[in-house]
Structures are given as C-alpha cells and as structure tokens.
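Novice: My questions will all concern the structure given below.
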Amino acid sequence: MSSVLQPATPGQDLTGPSTAGTYRPISSHLAIAPPVSVVIPAMNEAENLPYVFKTLPDWIHEVVLVDGNSTDNTVEVARELWPGVKVVGQRGRGKGDALITGFEACSGDIIVMVDADGSADGNEIVSYVSALVSGADFAKGSRFANGGGTDDMTFIRWLGNRVLCAVVNRKFGARYTDLCYGYNAFWRHCLDKIDLDCTGFEVETLMNIRVVKAGLKVQEIPSHEYLRIHGVSNLRAVRDGLRVLRVILQERSNRRALRRTGRRSPLLDSVRGEVS
C-alpha cells in the first residue's frame, strides 16, 4: 500500500505539524488514517450539494469537485459549502471521464467516489477507510450486502444489475453482490493497475472487473442508496446496461487473448530479437 500506519510512541504529539498533515483523527472506531480525497462529479447539482456536503466528515483531507460544464451555480454553492474545495473543469463528457479527471487531481493516499445527487451518505466513508487501512486495496460499496439497502431501484435496474453481476462473478471469479454502484474507495496506487479508459456510467463496472483481474484485495462495504433529492438522473437503464455488457465482453475477450499469447518478458523478447 502507499501508506502504512505506525503505532504511536510514548510521548508522541499526534497533533503537531509533523503528523497532522499526514494522519488525521477519525472517530472512536478508527483513530487515524492517511489523507482521504473525495471525488464528486457534478453537473447542475447545485440544489443537491447541500445534502451531499452536510454528511461529509470534517476529517477529510480534500474534496475534489469535477464540474461537467454546469449551467447553474454548482461551483459557487460548492465553494460556499466547503471553502477549500478543489474545483476541476471536466475536459470531456460522461461520468467515467469526470471521475478520471477527478482522480488525476487528487493528492490523498485514499480516494473515495461519491455521487452528487444526494443518494450517498458521507457518514459511511469511515467504513470504507476502515476497510482500506485494515488491508483491503479496494472497498466496494454494495446495496445488496448484509446491512445495505436502496430506495432507488426499479425492477428493470434490479434485474439488469443482478444478471450482469452474475456474469462478472462467473467469468472473472469475483464474488460481488452488487455491480453497478458508484460509491467506492481505494488506495491511490490502484489507479496504476486498473488503467481506466471509458467515459460513461460503465466506468464502475470496468473498475470492478479490473481490480479482480489485477489481483487486488476487494472488500464489499454495506451501503444504503437514497433517492435522488432534486433533478432527474442521466442514467438510462437499457442504454447504459448495454454499455456495461459491452465492457464485460471486451474485458473477457482481452483476458482470453492474454491467455493465448501468455505474458511475455520484455527482456526475453529483446534477447530473442538479438538471436534472430
């Protein structure tokens, strides 16, 4: 991992400048943790941001708001609610593009993904961080794990999520109870191993597949999804479900190709070139 917690030594001042910028007090359940960055992709979410920021813990290292060219006062509201917020303009379009942009702007050792529609409870972040500092590489939120739940799930979305989740579990050896959910947290070093390259809502599925393919340790975190407070979601069940399926098939195809060719050693290839 990129950071390892060290036990305090007798007489050590945990509030001094040498430690306060690296480890922060959390709660009675988790004493200290490395810097945590929260990434919030948002487009025209000014009405929802007060609910989002209200639940964010005050021990968070930074909040990175990725603005998707909002036409309302999303940015102004964010700055008023969290004066130190880091605002980043989105370069392209789509949730995947927004998250990738936000990840690049993070400075924390731990990165947490939170939606801007008010459906996620920021108080749950402590559970994600606890899982990571306890040994997990990727803490994956699940609405269907024991203790989780959802107030915003149509039958079509539930069925599609269940079928796609079963396919991923079977094809990639995962044990997920939820696939298409955007509340996740991970160590920053994971980004080098999953190499995200998609722009839409399917980014969450791609992350879930690639952490398994990379052999990273995943722990599911029970999470409750609430109803969007204001506005209408850009998610389209059928359209985005097909995009998720396409990602699954592509990743499966890439895995088969890798098995056929095998993992070549660059050194061995150079030697072969010299011999030939």
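How things are named: the first chain in the structure tokens is A, the next is B, and so on; residues count from 1 in each chain; ligands count from 1 in the order shown.
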Considering only C-alpha atoms, tabulate each residue of segment 104-159 of chain A that lies at most 6 Å from segment 169-186 of chain A along with its nearest interatomic pair and the corresponding distance in Å to one decimal; arrange the rows by chain and ascending residue number and present them as CSV.

Specialist:
residue,atom,partner,partner_atom,distance
A:Ile110,CA,A:Phe186,CA,5.7
A:Ile111,CA,A:Ala185,CA,5.5
A:Val112,CA,A:Ala185,CA,4.2
A:Met113,CA,A:Asn184,CA,5.4
A:Val114,CA,A:Tyr183,CA,5.5
A:Asp137,CA,A:Phe186,CA,5.8
A:Phe138,CA,A:Phe186,CA,4.4
A:Ala139,CA,A:Ala185,CA,5.1
A:Lys140,CA,A:Asn184,CA,4.8
A:Gly141,CA,A:Tyr183,CA,5.3
A:Ser142,CA,A:Asp178,CA,5.2
A:Phe144,CA,A:Thr177,CA,5.9

Novice: Keeping only C-alpha atoms, write the selected residues to a file as a CSV table (one decimal), in the first residue's frame.

Specialist:
chain,number,residue,atom,x,y,z
A,110,ILE,CA,-7.1,7.2,-0.3
A,111,ILE,CA,-9.7,8.2,-2.9
A,112,VAL,CA,-13.4,8.0,-2.4
A,113,MET,CA,-16.1,8.3,-5.1
A,114,VAL,CA,-19.3,10.0,-4.1
A,137,ASP,CA,-6.9,-2.4,-1.7
A,138,PHE,CA,-10.4,-1.6,-3.0
A,139,ALA,CA,-13.5,-1.0,-0.8
A,140,LYS,CA,-16.6,-1.6,-2.9
A,141,GLY,CA,-20.0,-0.3,-1.8
A,142,SER,CA,-22.9,-2.8,-2.1
A,144,PHE,CA,-27.3,-5.9,-1.5

Novice: Using only C-alpha atoms, determine which residues lie at most 6 Å from segment 55-65 of chain A, disregarding the query and same-chain residues fewer than 6 positions distant; provide the list as a list in words.

Specialist: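 Once the adjacent positions are removed, what remains is Pro35, Val36, Ser37, Val38, Val39, Ile40, Pro41, Val85, Lys86, Val87, Gly122 and Asn123 of chain A.
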
Novice: Pull the alpha helix (DSSP H) assignments for segment 38-260 of chain A out of DSSP run on the backbone, and list those residues as a ChimeraX atom specification.

Specialist: /A:49-54,74-81,95-105,125-133,155-172,191-194,203-213,237-260

Novice: Compare A:Val247, A:Leu227, A:Ala136, A:Ala78 by their minimum atom-to-atom distance to Asp121 of chain A, counting only C-alpha atoms, and give me the closest one.

Specialist: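 Of the candidates, the smallest distance to Asp121 of chain A is held by A:Leu227.
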
Novice: One number please: atom CA of Gly68 of chain A to atom CA of Met43 of chain A, in Å, one decimal.

Specialist: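 Here the two named atoms are 4.8 Å from each other.
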
Novice: Could you pull out the residues in segment 19-233 of chain A that DSSP calls strand (DSSP E) from the backbone, as an MDAnalysis selection string?

Specialist: chainID A and resid 24:25 32:33 36:42 62:67 86:89 110:113 138:142 149:150 184:187 218:222 224:225

Novice: May I have a table of the residues of segment 79-198 of chain A lying at most 6 Å from segment 221-226 of chain A, giving each one's closest pair of atoms and their distance in Å to one decimal, counting only C-alpha atoms, ordered by chain and ascending residue number, as a tab-separated table?

Specialist:
residue	atom	partner	partner_atom	distance
A:Ser119	CA	A:Tyr226	CA	4.2
A:Ala120	CA	A:Glu225	CA	5.7
A:Lys140	CA	A:Ile221	CA	5.8
A:Gly141	CA	A:Ile221	CA	4.7
A:Ser142	CA	A:Pro222	CA	5.1
A:Arg143	CA	A:Ser223	CA	5.2
A:Ala145	CA	A:Pro222	CA	5.3
A:Gly147	CA	A:Pro222	CA	5.3
A:Gly148	CA	A:Pro222	CA	4.3
A:Gly149	CA	A:His224	CA	4.5
A:Thr150	CA	A:Glu225	CA	4.4
A:Asp151	CA	A:Tyr226	CA	5.1

Novice: For all heavy atoms, I'd like the residues from the last selection saved as an mmCIF file, in the first residue's frame.

Specialist:
data_model
loop_
_atom_site.group_PDB
_atom_site.id
_atom_site.type_symbol
_atom_site.label_atom_id
_atom_site.label_comp_id
_atom_site.auth_asym_id
_atom_site.auth_seq_id
_atom_site.Cartn_x
_atom_site.Cartn_y
_atom_site.Cartn_z
ATOM 1 N N SER A 119 -27.731 10.796 -3.046
ATOM 2 C CA SER A 119 -28.113 9.410 -2.804
ATOM 3 C C SER A 119 -27.153 8.673 -1.876
ATOM 4 O O SER A 119 -27.473 7.600 -1.366
ATOM 5 C CB SER A 119 -28.200 8.651 -4.136
ATOM 6 O OG SER A 119 -26.938 8.604 -4.781
ATOM 7 N N ALA A 120 -25.958 9.225 -1.666
ATOM 8 C CA ALA A 120 -24.951 8.572 -0.833
ATOM 9 C C ALA A 120 -24.806 9.295 0.500
ATOM 10 O O ALA A 120 -24.889 10.523 0.562
ATOM 11 C CB ALA A 120 -23.601 8.536 -1.556
ATOM 12 N N LYS A 140 -15.502 -1.730 -1.967
ATOM 13 C CA LYS A 140 -16.596 -1.615 -2.930
ATOM 14 C C LYS A 140 -17.941 -1.551 -2.228
ATOM 15 O O LYS A 140 -18.307 -2.464 -1.495
ATOM 16 C CB LYS A 140 -16.575 -2.825 -3.864
ATOM 17 C CG LYS A 140 -17.637 -2.777 -4.935
ATOM 18 C CD LYS A 140 -17.758 -4.116 -5.624
ATOM 19 C CE LYS A 140 -18.858 -4.051 -6.684
ATOM 20 N NZ LYS A 140 -20.101 -3.449 -6.172
ATOM 21 N N GLY A 141 -18.661 -0.463 -2.441
ATOM 22 C CA GLY A 141 -19.979 -0.343 -1.847
ATOM 23 C C GLY A 141 -20.959 -1.332 -2.445
ATOM 24 O O GLY A 141 -20.920 -1.622 -3.638
ATOM 25 N N SER A 142 -21.842 -1.868 -1.601
ATOM 26 C CA SER A 142 -22.870 -2.805 -2.080
ATOM 27 C C SER A 142 -24.195 -2.515 -1.400
ATOM 28 O O SER A 142 -24.284 -2.456 -0.174
ATOM 29 C CB SER A 142 -22.452 -4.252 -1.795
ATOM 30 O OG SER A 142 -23.520 -5.139 -2.120
ATOM 31 N N ARG A 143 -25.206 -2.359 -2.227
ATOM 32 C CA ARG A 143 -26.550 -2.140 -1.714
ATOM 33 C C ARG A 143 -27.218 -3.440 -1.314
ATOM 34 O O ARG A 143 -28.257 -3.433 -0.636
ATOM 35 C CB ARG A 143 -27.399 -1.438 -2.790
ATOM 36 C CG ARG A 143 -26.897 -0.063 -3.165
ATOM 37 C CD ARG A 143 -27.446 0.411 -4.490
ATOM 38 N NE ARG A 143 -26.901 -0.374 -5.599
ATOM 39 C CZ ARG A 143 -27.121 -0.107 -6.882
ATOM 40 N NH1 ARG A 143 -27.883 0.938 -7.215
ATOM 41 N NH2 ARG A 143 -26.594 -0.860 -7.828
ATOM 42 N N ALA A 145 -25.369 -6.242 -0.020
ATOM 43 C CA ALA A 145 -24.669 -6.954 1.048
ATOM 44 C C ALA A 145 -25.489 -6.815 2.327
ATOM 45 O O ALA A 145 -26.314 -5.906 2.463
ATOM 46 C CB ALA A 145 -23.267 -6.381 1.231
ATOM 47 N N GLY A 147 -26.812 -5.575 5.453
ATOM 48 C CA GLY A 147 -26.705 -4.260 6.070
ATOM 49 C C GLY A 147 -26.862 -3.126 5.085
ATOM 50 O O GLY A 147 -26.992 -1.971 5.480
ATOM 51 N N GLY A 148 -26.843 -3.432 3.786
ATOM 52 C CA GLY A 148 -27.033 -2.418 2.754
ATOM 53 C C GLY A 148 -28.497 -2.273 2.388
ATOM 54 O O GLY A 148 -29.367 -2.952 2.926
ATOM 55 N N GLY A 149 -28.786 -1.385 1.439
ATOM 56 C CA GLY A 149 -30.168 -1.195 1.009
ATOM 57 C C GLY A 149 -30.261 -0.134 -0.064
ATOM 58 O O GLY A 149 -29.293 0.559 -0.363
ATOM 59 N N THR A 150 -31.434 0.014 -0.633
ATOM 60 C CA THR A 150 -31.650 1.031 -1.663
ATOM 61 C C THR A 150 -33.099 1.505 -1.659
ATOM 62 O O THR A 150 -34.023 0.708 -1.460
ATOM 63 C CB THR A 150 -31.284 0.511 -3.064
ATOM 64 O OG1 THR A 150 -31.584 1.518 -4.039
ATOM 65 C CG2 THR A 150 -32.043 -0.762 -3.402
ATOM 66 N N ASP A 151 -33.274 2.798 -1.866
ATOM 67 C CA ASP A 151 -34.604 3.388 -2.025
ATOM 68 C C ASP A 151 -34.862 3.754 -3.481
ATOM 69 O O ASP A 151 -35.916 4.306 -3.793
ATOM 70 C CB ASP A 151 -34.720 4.662 -1.175
ATOM 71 C CG ASP A 151 -34.513 4.387 0.305
ATOM 72 O OD1 ASP A 151 -34.826 3.265 0.756
ATOM 73 O OD2 ASP A 151 -34.029 5.304 1.019
#

Novice: Write out as a ChimeraX atom specification which residues come within 9 Å of His230 of chain A when counting only C-alpha atoms, dropping same-chain ones fewer than 6 positions away.

Specialist: /A:45,47-48,117-118

Novice: Give me, as a PDB file with all heavy atoms, in the first residue's frame, all polymer residues having an atom no more than 12 Å from Arg243 of chain A, counting only C-alpha atoms and skipping those fewer than 2 positions away in the same chain.

Specialist:
ATOM      1  N   GLY A 160     -31.321  -6.154 -14.221  1.00  0.00           N
ATOM      2  CA  GLY A 160     -30.123  -5.982 -15.035  1.00  0.00           C
ATOM      3  C   GLY A 160     -28.860  -6.060 -14.192  1.00  0.00           C
ATOM      4  O   GLY A 160     -27.883  -6.710 -14.575  1.00  0.00           O
ATOM      5  N   LEU A 164     -26.016  -8.981 -14.729  1.00  0.00           N
ATOM      6  CA  LEU A 164     -24.663  -8.560 -15.081  1.00  0.00           C
ATOM      7  C   LEU A 164     -23.667  -8.913 -13.971  1.00  0.00           C
ATOM      8  O   LEU A 164     -22.526  -9.301 -14.254  1.00  0.00           O
ATOM      9  CB  LEU A 164     -24.635  -7.062 -15.354  1.00  0.00           C
ATOM     10  CG  LEU A 164     -25.420  -6.602 -16.593  1.00  0.00           C
ATOM     11  CD1 LEU A 164     -25.531  -5.081 -16.618  1.00  0.00           C
ATOM     12  CD2 LEU A 164     -24.770  -7.114 -17.869  1.00  0.00           C
ATOM     13  N   CYS A 180     -23.273  -2.420 -10.354  1.00  0.00           N
ATOM     14  CA  CYS A 180     -23.412  -1.062 -10.904  1.00  0.00           C
ATOM     15  C   CYS A 180     -23.725  -0.055  -9.800  1.00  0.00           C
ATOM     16  O   CYS A 180     -24.833   0.475  -9.702  1.00  0.00           O
ATOM     17  CB  CYS A 180     -24.498  -1.055 -11.974  1.00  0.00           C
ATOM     18  SG  CYS A 180     -24.267  -2.292 -13.261  1.00  0.00           S
ATOM     19  N   CYS A 198     -12.663   4.501 -20.014  1.00  0.00           N
ATOM     20  CA  CYS A 198     -14.020   4.614 -20.552  1.00  0.00           C
ATOM     21  C   CYS A 198     -14.647   5.900 -20.028  1.00  0.00           C
ATOM     22  O   CYS A 198     -14.204   6.460 -19.025  1.00  0.00           O
ATOM     23  CB  CYS A 198     -14.864   3.398 -20.190  1.00  0.00           C
ATOM     24  SG  CYS A 198     -15.220   3.246 -18.439  1.00  0.00           S
ATOM     25  N   THR A 199     -15.701   6.354 -20.689  1.00  0.00           N
ATOM     26  CA  THR A 199     -16.235   7.678 -20.386  1.00  0.00           C
ATOM     27  C   THR A 199     -17.605   7.694 -19.724  1.00  0.00           C
ATOM     28  O   THR A 199     -17.982   8.711 -19.140  1.00  0.00           O
ATOM     29  CB  THR A 199     -16.344   8.504 -21.685  1.00  0.00           C
ATOM     30  OG1 THR A 199     -17.228   7.829 -22.597  1.00  0.00           O
ATOM     31  CG2 THR A 199     -14.973   8.664 -22.337  1.00  0.00           C
ATOM     32  N   GLY A 200     -18.371   6.611 -19.801  1.00  0.00           N
ATOM     33  CA  GLY A 200     -19.746   6.639 -19.336  1.00  0.00           C
ATOM     34  C   GLY A 200     -19.971   6.016 -17.971  1.00  0.00           C
ATOM     35  O   GLY A 200     -19.049   5.804 -17.184  1.00  0.00           O
ATOM     36  N   PHE A 201     -21.244   5.676 -17.691  1.00  0.00           N
ATOM     37  CA  PHE A 201     -21.622   5.060 -16.424  1.00  0.00           C
ATOM     38  C   PHE A 201     -20.988   3.681 -16.247  1.00  0.00           C
ATOM     39  O   PHE A 201     -20.912   3.174 -15.129  1.00  0.00           O
ATOM     40  CB  PHE A 201     -23.147   4.920 -16.347  1.00  0.00           C
ATOM     41  CG  PHE A 201     -23.860   6.194 -16.001  1.00  0.00           C
ATOM     42  CD1 PHE A 201     -24.482   6.953 -16.971  1.00  0.00           C
ATOM     43  CD2 PHE A 201     -23.912   6.638 -14.685  1.00  0.00           C
ATOM     44  CE1 PHE A 201     -25.138   8.133 -16.659  1.00  0.00           C
ATOM     45  CE2 PHE A 201     -24.570   7.817 -14.352  1.00  0.00           C
ATOM     46  CZ  PHE A 201     -25.191   8.568 -15.340  1.00  0.00           C
ATOM     47  N   GLU A 202     -20.540   3.080 -17.324  1.00  0.00           N
ATOM     48  CA  GLU A 202     -19.933   1.754 -17.239  1.00  0.00           C
ATOM     49  C   GLU A 202     -18.584   1.773 -16.538  1.00  0.00           C
ATOM     50  O   GLU A 202     -17.981   0.714 -16.308  1.00  0.00           O
ATOM     51  CB  GLU A 202     -19.788   1.143 -18.635  1.00  0.00           C
ATOM     52  CG  GLU A 202     -18.763   1.791 -19.538  1.00  0.00           C
ATOM     53  CD  GLU A 202     -19.280   3.000 -20.291  1.00  0.00           C
ATOM     54  OE1 GLU A 202     -20.370   3.498 -19.949  1.00  0.00           O
ATOM     55  OE2 GLU A 202     -18.596   3.445 -21.229  1.00  0.00           O
ATOM     56  N   VAL A 203     -18.082   2.938 -16.177  1.00  0.00           N
ATOM     57  CA  VAL A 203     -16.778   3.038 -15.532  1.00  0.00           C
ATOM     58  C   VAL A 203     -16.740   2.243 -14.225  1.00  0.00           C
ATOM     59  O   VAL A 203     -15.717   1.647 -13.877  1.00  0.00           O
ATOM     60  CB  VAL A 203     -16.414   4.517 -15.272  1.00  0.00           C
ATOM     61  CG1 VAL A 203     -17.374   5.163 -14.279  1.00  0.00           C
ATOM     62  CG2 VAL A 203     -14.979   4.637 -14.789  1.00  0.00           C
ATOM     63  N   GLU A 204     -17.864   2.206 -13.498  1.00  0.00           N
ATOM     64  CA  GLU A 204     -17.896   1.471 -12.237  1.00  0.00           C
ATOM     65  C   GLU A 204     -17.704  -0.023 -12.464  1.00  0.00           C
ATOM     66  O   GLU A 204     -16.970  -0.693 -11.730  1.00  0.00           O
ATOM     67  CB  GLU A 204     -19.220   1.753 -11.516  1.00  0.00           C
ATOM     68  CG  GLU A 204     -19.339   3.199 -11.067  1.00  0.00           C
ATOM     69  CD  GLU A 204     -20.736   3.768 -11.230  1.00  0.00           C
ATOM     70  OE1 GLU A 204     -21.645   2.996 -11.629  1.00  0.00           O
ATOM     71  OE2 GLU A 204     -20.920   4.966 -10.971  1.00  0.00           O
ATOM     72  N   THR A 205     -18.364  -0.546 -13.500  1.00  0.00           N
ATOM     73  CA  THR A 205     -18.200  -1.964 -13.827  1.00  0.00           C
ATOM     74  C   THR A 205     -16.772  -2.261 -14.266  1.00  0.00           C
ATOM     75  O   THR A 205     -16.188  -3.276 -13.873  1.00  0.00           O
ATOM     76  CB  THR A 205     -19.181  -2.368 -14.948  1.00  0.00           C
ATOM     77  OG1 THR A 205     -20.522  -2.204 -14.479  1.00  0.00           O
ATOM     78  CG2 THR A 205     -18.964  -3.812 -15.377  1.00  0.00           C
ATOM     79  N   LEU A 206     -16.209  -1.373 -15.067  1.00  0.00           N
ATOM     80  CA  LEU A 206     -14.837  -1.566 -15.529  1.00  0.00           C
ATOM     81  C   LEU A 206     -13.876  -1.619 -14.341  1.00  0.00           C
ATOM     82  O   LEU A 206     -12.965  -2.459 -14.296  1.00  0.00           O
ATOM     83  CB  LEU A 206     -14.447  -0.435 -16.470  1.00  0.00           C
ATOM     84  CG  LEU A 206     -13.040  -0.528 -17.077  1.00  0.00           C
ATOM     85  CD1 LEU A 206     -12.940  -1.755 -17.979  1.00  0.00           C
ATOM     86  CD2 LEU A 206     -12.696   0.735 -17.864  1.00  0.00           C
ATOM     87  N   LEU A 235     -28.938   8.562 -15.971  1.00  0.00           N
ATOM     88  CA  LEU A 235     -28.825   7.122 -16.193  1.00  0.00           C
ATOM     89  C   LEU A 235     -30.021   6.618 -16.985  1.00  0.00           C
ATOM     90  O   LEU A 235     -31.164   6.951 -16.682  1.00  0.00           O
ATOM     91  CB  LEU A 235     -28.757   6.392 -14.845  1.00  0.00           C
ATOM     92  CG  LEU A 235     -28.714   4.871 -14.896  1.00  0.00           C
ATOM     93  CD1 LEU A 235     -27.404   4.404 -15.503  1.00  0.00           C
ATOM     94  CD2 LEU A 235     -28.901   4.284 -13.496  1.00  0.00           C
ATOM     95  N   ARG A 236     -29.747   5.817 -18.003  1.00  0.00           N
ATOM     96  CA  ARG A 236     -30.786   5.159 -18.799  1.00  0.00           C
ATOM     97  C   ARG A 236     -30.543   3.666 -18.716  1.00  0.00           C
ATOM     98  O   ARG A 236     -29.520   3.165 -19.190  1.00  0.00           O
ATOM     99  CB  ARG A 236     -30.753   5.640 -20.244  1.00  0.00           C
ATOM    100  CG  ARG A 236     -31.017   7.137 -20.408  1.00  0.00           C
ATOM    101  CD  ARG A 236     -32.452   7.497 -19.991  1.00  0.00           C
ATOM    102  NE  ARG A 236     -32.698   8.937 -20.100  1.00  0.00           N
ATOM    103  CZ  ARG A 236     -32.566   9.793 -19.110  1.00  0.00           C
ATOM    104  NH1 ARG A 236     -32.181   9.353 -17.908  1.00  0.00           N
ATOM    105  NH2 ARG A 236     -32.807  11.079 -19.280  1.00  0.00           N
ATOM    106  N   ALA A 237     -31.505   2.937 -18.116  1.00  0.00           N
ATOM    107  CA  ALA A 237     -31.291   1.538 -17.765  1.00  0.00           C
ATOM    108  C   ALA A 237     -30.877   0.671 -18.954  1.00  0.00           C
ATOM    109  O   ALA A 237     -29.881  -0.062 -18.885  1.00  0.00           O
ATOM    110  CB  ALA A 237     -32.554   0.974 -17.112  1.00  0.00           C
ATOM    111  N   VAL A 238     -31.615   0.747 -20.045  1.00  0.00           N
ATOM    112  CA  VAL A 238     -31.336  -0.121 -21.190  1.00  0.00           C
ATOM    113  C   VAL A 238     -30.052   0.312 -21.891  1.00  0.00           C
ATOM    114  O   VAL A 238     -29.152  -0.499 -22.145  1.00  0.00           O
ATOM    115  CB  VAL A 238     -32.509  -0.116 -22.182  1.00  0.00           C
ATOM    116  CG1 VAL A 238     -32.153  -0.943 -23.423  1.00  0.00           C
ATOM    117  CG2 VAL A 238     -33.764  -0.682 -21.511  1.00  0.00           C
ATOM    118  N   ARG A 239     -29.949   1.592 -22.212  1.00  0.00           N
ATOM    119  CA  ARG A 239     -28.769   2.095 -22.924  1.00  0.00           C
ATOM    120  C   ARG A 239     -27.497   1.834 -22.140  1.00  0.00           C
ATOM    121  O   ARG A 239     -26.516   1.293 -22.668  1.00  0.00           O
ATOM    122  CB  ARG A 239     -28.934   3.596 -23.178  1.00  0.00           C
ATOM    123  CG  ARG A 239     -27.742   4.254 -23.884  1.00  0.00           C
ATOM    124  CD  ARG A 239     -27.756   5.765 -23.678  1.00  0.00           C
ATOM    125  NE  ARG A 239     -27.548   6.119 -22.271  1.00  0.00           N
ATOM    126  CZ  ARG A 239     -27.643   7.360 -21.798  1.00  0.00           C
ATOM    127  NH1 ARG A 239     -27.978   8.348 -22.603  1.00  0.00           N
ATOM    128  NH2 ARG A 239     -27.431   7.605 -20.506  1.00  0.00           N
ATOM    129  N   ASP A 240     -27.501   2.204 -20.863  1.00  0.00           N
ATOM    130  CA  ASP A 240     -26.289   2.045 -20.063  1.00  0.00           C
ATOM    131  C   ASP A 240     -26.047   0.592 -19.692  1.00  0.00           C
ATOM    132  O   ASP A 240     -24.898   0.177 -19.500  1.00  0.00           O
ATOM    133  CB  ASP A 240     -26.372   2.922 -18.821  1.00  0.00           C
ATOM    134  CG  ASP A 240     -26.354   4.403 -19.166  1.00  0.00           C
ATOM    135  OD1 ASP A 240     -25.457   4.825 -19.909  1.00  0.00           O
ATOM    136  OD2 ASP A 240     -27.249   5.129 -18.717  1.00  0.00           O
ATOM    137  N   GLY A 241     -27.128  -0.195 -19.598  1.00  0.00           N
ATOM    138  CA  GLY A 241     -26.959  -1.623 -19.357  1.00  0.00           C
ATOM    139  C   GLY A 241     -26.228  -2.299 -20.505  1.00  0.00           C
ATOM    140  O   GLY A 241     -25.372  -3.164 -20.301  1.00  0.00           O
ATOM    141  N   LEU A 245     -22.631  -4.260 -20.520  1.00  0.00           N
ATOM    142  CA  LEU A 245     -22.447  -5.591 -21.119  1.00  0.00           C
ATOM    143  C   LEU A 245     -21.304  -5.573 -22.124  1.00  0.00           C
ATOM    144  O   LEU A 245     -20.501  -6.516 -22.192  1.00  0.00           O
ATOM    145  CB  LEU A 245     -23.740  -6.043 -21.789  1.00  0.00           C
ATOM    146  CG  LEU A 245     -23.696  -7.411 -22.476  1.00  0.00           C
ATOM    147  CD1 LEU A 245     -23.340  -8.506 -21.474  1.00  0.00           C
ATOM    148  CD2 LEU A 245     -25.033  -7.710 -23.151  1.00  0.00           C
ATOM    149  N   ARG A 246     -21.204  -4.499 -22.897  1.00  0.00           N
ATOM    150  CA  ARG A 246     -20.123  -4.386 -23.878  1.00  0.00           C
ATOM    151  C   ARG A 246     -18.758  -4.381 -23.184  1.00  0.00           C
ATOM    152  O   ARG A 246     -17.806  -5.013 -23.650  1.00  0.00           O
ATOM    153  CB  ARG A 246     -20.307  -3.117 -24.706  1.00  0.00           C
ATOM    154  CG  ARG A 246     -19.344  -3.004 -25.892  1.00  0.00           C
ATOM    155  CD  ARG A 246     -19.591  -1.744 -26.697  1.00  0.00           C
ATOM    156  NE  ARG A 246     -20.956  -1.672 -27.178  1.00  0.00           N
ATOM    157  CZ  ARG A 246     -21.831  -0.752 -26.809  1.00  0.00           C
ATOM    158  NH1 ARG A 246     -21.479   0.199 -25.946  1.00  0.00           N
ATOM    159  NH2 ARG A 246     -23.044  -0.755 -27.295  1.00  0.00           N
ATOM    160  N   VAL A 247     -18.679  -3.669 -22.053  1.00  0.00           N
ATOM    161  CA  VAL A 247     -17.424  -3.637 -21.298  1.00  0.00           C
ATOM    162  C   VAL A 247     -17.065  -5.032 -20.792  1.00  0.00           C
ATOM    163  O   VAL A 247     -15.909  -5.462 -20.866  1.00  0.00           O
ATOM    164  CB  VAL A 247     -17.542  -2.659 -20.111  1.00  0.00           C
ATOM    165  CG1 VAL A 247     -16.435  -2.912 -19.080  1.00  0.00           C
ATOM    166  CG2 VAL A 247     -17.448  -1.231 -20.603  1.00  0.00           C
ATOM    167  N   ILE A 248     -18.048  -5.746 -20.284  1.00  0.00           N
ATOM    168  CA  ILE A 248     -17.808  -7.104 -19.779  1.00  0.00           C
ATOM    169  C   ILE A 248     -17.277  -8.010 -20.887  1.00  0.00           C
ATOM    170  O   ILE A 248     -16.304  -8.750 -20.692  1.00  0.00           O
ATOM    171  CB  ILE A 248     -19.104  -7.698 -19.185  1.00  0.00           C
ATOM    172  CG1 ILE A 248     -19.541  -6.897 -17.952  1.00  0.00           C
ATOM    173  CG2 ILE A 248     -18.909  -9.167 -18.821  1.00  0.00           C
ATOM    174  CD1 ILE A 248     -20.892  -7.296 -17.403  1.00  0.00           C
ATOM    175  N   LEU A 249     -17.896  -7.940 -22.048  1.00  0.00           N
ATOM    176  CA  LEU A 249     -17.474  -8.781 -23.171  1.00  0.00           C
ATOM    177  C   LEU A 249     -16.076  -8.408 -23.645  1.00  0.00           C
ATOM    178  O   LEU A 249     -15.263  -9.280 -23.976  1.00  0.00           O
ATOM    179  CB  LEU A 249     -18.480  -8.662 -24.318  1.00  0.00           C
ATOM    180  CG  LEU A 249     -19.891  -9.190 -24.015  1.00  0.00           C
ATOM    181  CD1 LEU A 249     -20.820  -8.946 -25.205  1.00  0.00           C
ATOM    182  CD2 LEU A 249     -19.852 -10.675 -23.675  1.00  0.00           C
ATOM    183  N   GLN A 250     -15.789  -7.109 -23.680  1.00  0.00           N
ATOM    184  CA  GLN A 250     -14.455  -6.667 -24.102  1.00  0.00           C
ATOM    185  C   GLN A 250     -13.381  -7.128 -23.131  1.00  0.00           C
ATOM    186  O   GLN A 250     -12.317  -7.601 -23.545  1.00  0.00           O
ATOM    187  CB  GLN A 250     -14.434  -5.143 -24.230  1.00  0.00           C
ATOM    188  CG  GLN A 250     -15.197  -4.601 -25.423  1.00  0.00           C
ATOM    189  CD  GLN A 250     -15.257  -3.082 -25.434  1.00  0.00           C
ATOM    190  OE1 GLN A 250     -14.970  -2.427 -24.435  1.00  0.00           O
ATOM    191  NE2 GLN A 250     -15.636  -2.516 -26.558  1.00  0.00           N
TER     192      GLN A 250
END

Novice: Between segment 21-108 of chain A and segment 207-219 of chain A, at 12 Å or less, what are the per-residue closest atom pairs and their distances in Å? Count only C-alpha atoms, order by chain and rising residue number, and return it as CSV.

Specialist:
residue,atom,partner,partner_atom,distance
A:Gly96,CA,A:Met207,CA,10.2
A:Leu99,CA,A:Met207,CA,11.3
A:Ile100,CA,A:Met207,CA,11.3

Novice: Could you tell me how far atom CA of Asp67 of chain A lies from atom CA of Val88 of chain A, in Å and to one decimal?

Specialist: 6.2 Å

Novice: Which of these residues is nearest to Pro50 of chain A, using only C-alpha atoms: A:Arg157, A:Gly135, A:Glu80, A:Asn69?

Specialist: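 Ranking A:Arg157, A:Gly135, A:Glu80, A:Asn69 by distance to Pro50 of chain A, first place goes to A:Glu80.
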
Novice: Record the distance separating atom CA of Arg93 of chain A and atom CA of Val52 of chain A, expressed in Å with one decimal.

Specialist: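 Value for the atom CA of Arg93 of chain A-atom CA of Val52 of chain A distance: 22.1 Å.
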